[in-house]
Amino acid sequence: MLVLLLPAGCGRRERAPAIAPAMSATSDGDLVPGRIFADRLAPGWYGPDLVVIPAGDFDLGASKRDKQAPDSEKPAHRVVFAQPFALARTETTVAQFAEFVRRSGYVSLAERRGYSEVFDLASGRLVRGVGVDWRHDHLGKPARPEQPVVHVAYADAHAYTRWLSERSGRRYRLPSEAEWEYVLRAGGESVYPWGDKPKHPRQGNLAGDRDRFPNGRNWRNAITNYADGHWALAPVRSYASEPFGTFDMLGNVSEWVEDCWHENYRRAPADGDAWVNPGCRQRVQRGSAWLSSVDQSRMSFRLPADADRSNPRLGFRVAREL
């Protein structure tokens, strides 16, 4: 069963509804671009809020105006989405992942191996945190339910999407790299979400020089004259929504996508599907995070990540096929 929510105006601060959804629908035929909805997983219990993303086309990869772009973000190429799809409005939260674990009995990779990476205040680096898993935040302390879940490996994110599919009867998955950038750009062709210049980023959870650590230290290579109110992880929906109705595509945590890592975009799919080689050990992470400087906020920014890596800067959001 689907439940439909009335779309909220983009560009303003918004909180998740505290009551039952406003509208109901019986099929995916009710889902037009811009519609916000959630699938019912059990009586009185719903999956993540999703927004319908329209079909369309765009250039995936760095534009010629982007002089910082490495070869891994090239060549830019046209991608066509013949059908709309749905994307979670927020990164998967600690509360959502906890409900998955409670109902499924799933044990994450960090739990099984006994550690993850945490942020060390003294050195400003990521170090091993013994006993740290998805229940913890960037410092290895208990995480707040409304924060994006971190310390999750690719397999953990994939298991969550598989479980949502089983409970809803719909196909959930991680977004493809092309889908992720398509939503971030939302029709824009600039280098950054706010334009072609690195100065004056819009509101988002990034590493600003006015965001001080609890011990008074500051970021190296911080964005000058910038503060966003959170020196580290922020609750989802803390900032204005983006053009398609998502939150935190800019900043907060980087996100797993389905694609395997390739050194460039030569021979990349042109239909928006994930580029996957069976058995690949490295996946793609997209987007900037709470400890990212401005160069990592470019629209085409991408990095490889070992599929079994977990740390306090990497989370995920889900996609759903229509």
# chains A, B, ... in the order shown; residues from 1 in each chain; ligands from 1

$ residues_around --residues "A:Glu166" --least-positions-apart "5" --cutoff "12 Å" --atoms "only C-alpha atoms" --output "number ranges by chain"
A: 39-42, 47, 100, 104, 159-161, 171-173

$ select_by_dssp --residues "stretch 115-289 of chain A" --states "strand (DSSP E)" --output "list in words"
Tyr115, Ser116, Glu117, Val118, Phe119, Asp120, Arg125, Leu126, Val127, Arg128, Gly129, Val130, Tyr172, Arg173, Ser254, Glu255, Trp256, Val257, Glu258, Asp259, Cys260, Gln282, Arg283, Val284, Gln285 and Arg286 of chain A

$ write_last_selection --atoms "C-alpha atoms" --output "mmCIF file, in the first residue's frame"
data_model
loop_
_atom_site.group_PDB
_atom_site.id
_atom_site.type_symbol
_atom_site.label_atom_id
_atom_site.label_comp_id
_atom_site.auth_asym_id
_atom_site.auth_seq_id
_atom_site.Cartn_x
_atom_site.Cartn_y
_atom_site.Cartn_z
ATOM 1 C CA TYR A 115 35.247 -1.890 14.898
ATOM 2 C CA SER A 116 34.658 1.027 12.578
ATOM 3 C CA GLU A 117 36.413 4.357 12.036
ATOM 4 C CA VAL A 118 35.718 7.404 14.209
ATOM 5 C CA PHE A 119 36.781 11.027 14.153
ATOM 6 C CA ASP A 120 39.620 11.819 16.570
ATOM 7 C CA ARG A 125 41.774 12.310 11.557
ATOM 8 C CA LEU A 126 39.772 9.123 11.233
ATOM 9 C CA VAL A 127 41.054 6.359 13.513
ATOM 10 C CA ARG A 128 39.899 2.872 14.458
ATOM 11 C CA GLY A 129 37.123 2.797 17.035
ATOM 12 C CA VAL A 130 36.808 -0.565 18.766
ATOM 13 C CA TYR A 172 14.028 -0.753 -3.411
ATOM 14 C CA ARG A 173 17.737 -0.391 -4.144
ATOM 15 C CA SER A 254 28.589 11.160 1.617
ATOM 16 C CA GLU A 255 26.431 8.359 0.238
ATOM 17 C CA TRP A 256 26.887 4.867 -1.129
ATOM 18 C CA VAL A 257 25.532 4.322 -4.640
ATOM 19 C CA GLU A 258 25.134 1.059 -6.492
ATOM 20 C CA ASP A 259 27.890 1.501 -9.076
ATOM 21 C CA CYS A 260 31.253 -0.216 -9.008
ATOM 22 C CA GLN A 282 35.139 -0.977 -4.733
ATOM 23 C CA ARG A 283 31.911 1.006 -4.981
ATOM 24 C CA VAL A 284 31.290 4.681 -5.604
ATOM 25 C CA GLN A 285 30.529 7.234 -2.916
ATOM 26 C CA ARG A 286 28.894 10.470 -3.953
#

$ closest_residue --among "A:Pro278, A:Gly131, A:Gly245, A:Pro145" --to "A:Val52" --atoms "only C-alpha atoms"
A:Gly245

$ select_by_dssp --residues "stretch 197-305 of chain A" --states "helix (DSSP H, G or I)" --output "PDB file with N, CA, C and O atoms, in the first residue's frame"
ATOM      1  N   VAL A 294      35.376  22.806   0.234  1.00  0.00           N
ATOM      2  CA  VAL A 294      34.533  23.246  -0.874  1.00  0.00           C
ATOM      3  C   VAL A 294      34.788  22.461  -2.163  1.00  0.00           C
ATOM      4  O   VAL A 294      33.864  22.244  -2.960  1.00  0.00           O
ATOM      5  N   ASP A 295      36.021  21.985  -2.388  1.00  0.00           N
ATOM      6  CA  ASP A 295      36.291  21.262  -3.634  1.00  0.00           C
ATOM      7  C   ASP A 295      35.499  19.968  -3.722  1.00  0.00           C
ATOM      8  O   ASP A 295      35.175  19.496  -4.818  1.00  0.00           O
ATOM      9  N   GLN A 296      35.141  19.382  -2.570  1.00  0.00           N
ATOM     10  CA  GLN A 296      34.357  18.150  -2.561  1.00  0.00           C
ATOM     11  C   GLN A 296      32.860  18.414  -2.691  1.00  0.00           C
ATOM     12  O   GLN A 296      32.058  17.473  -2.667  1.00  0.00           O
ATOM     13  N   SER A 297      32.490  19.685  -2.824  1.00  0.00           N
ATOM     14  CA  SER A 297      31.083  20.046  -3.002  1.00  0.00           C
ATOM     15  C   SER A 297      30.728  20.279  -4.459  1.00  0.00           C
ATOM     16  O   SER A 297      29.603  20.689  -4.767  1.00  0.00           O
TER      17      SER A 297
END

$ residues_around --residues "A:Val32" --least-positions-apart "2" --cutoff "8 Å" --atoms "only C-alpha atoms" --output "PyMOL selection string"
chain A and resi 29-30+34-35+52+54

$ write_last_selection --atoms "N, CA and C atoms" --output "PDB file, in the first residue's frame"
ATOM      1  N   GLY A  29       0.357   4.260 -10.246  1.00  0.00           N
ATOM      2  CA  GLY A  29      -0.197   5.168 -11.245  1.00  0.00           C
ATOM      3  C   GLY A  29      -0.546   6.525 -10.683  1.00  0.00           C
ATOM      4  N   ASP A  30      -0.705   6.612  -9.368  1.00  0.00           N
ATOM      5  CA  ASP A  30      -0.980   7.892  -8.718  1.00  0.00           C
ATOM      6  C   ASP A  30       0.278   8.725  -8.509  1.00  0.00           C
ATOM      7  N   GLY A  34       7.249  14.866  -8.511  1.00  0.00           N
ATOM      8  CA  GLY A  34       7.084  15.789  -7.408  1.00  0.00           C
ATOM      9  C   GLY A  34       6.253  15.251  -6.265  1.00  0.00           C
ATOM     10  N   ARG A  35       5.546  14.145  -6.482  1.00  0.00           N
ATOM     11  CA  ARG A  35       4.704  13.576  -5.429  1.00  0.00           C
ATOM     12  C   ARG A  35       5.568  12.990  -4.323  1.00  0.00           C
ATOM     13  N   VAL A  52       8.964  11.511  -6.068  1.00  0.00           N
ATOM     14  CA  VAL A  52       9.027  11.034  -7.451  1.00  0.00           C
ATOM     15  C   VAL A  52       9.873  11.997  -8.280  1.00  0.00           C
ATOM     16  N   PRO A  54      11.264  13.150 -11.950  1.00  0.00           N
ATOM     17  CA  PRO A  54      10.772  13.038 -13.325  1.00  0.00           C
ATOM     18  C   PRO A  54      11.777  12.405 -14.270  1.00  0.00           C
TER      19      PRO A  54
END
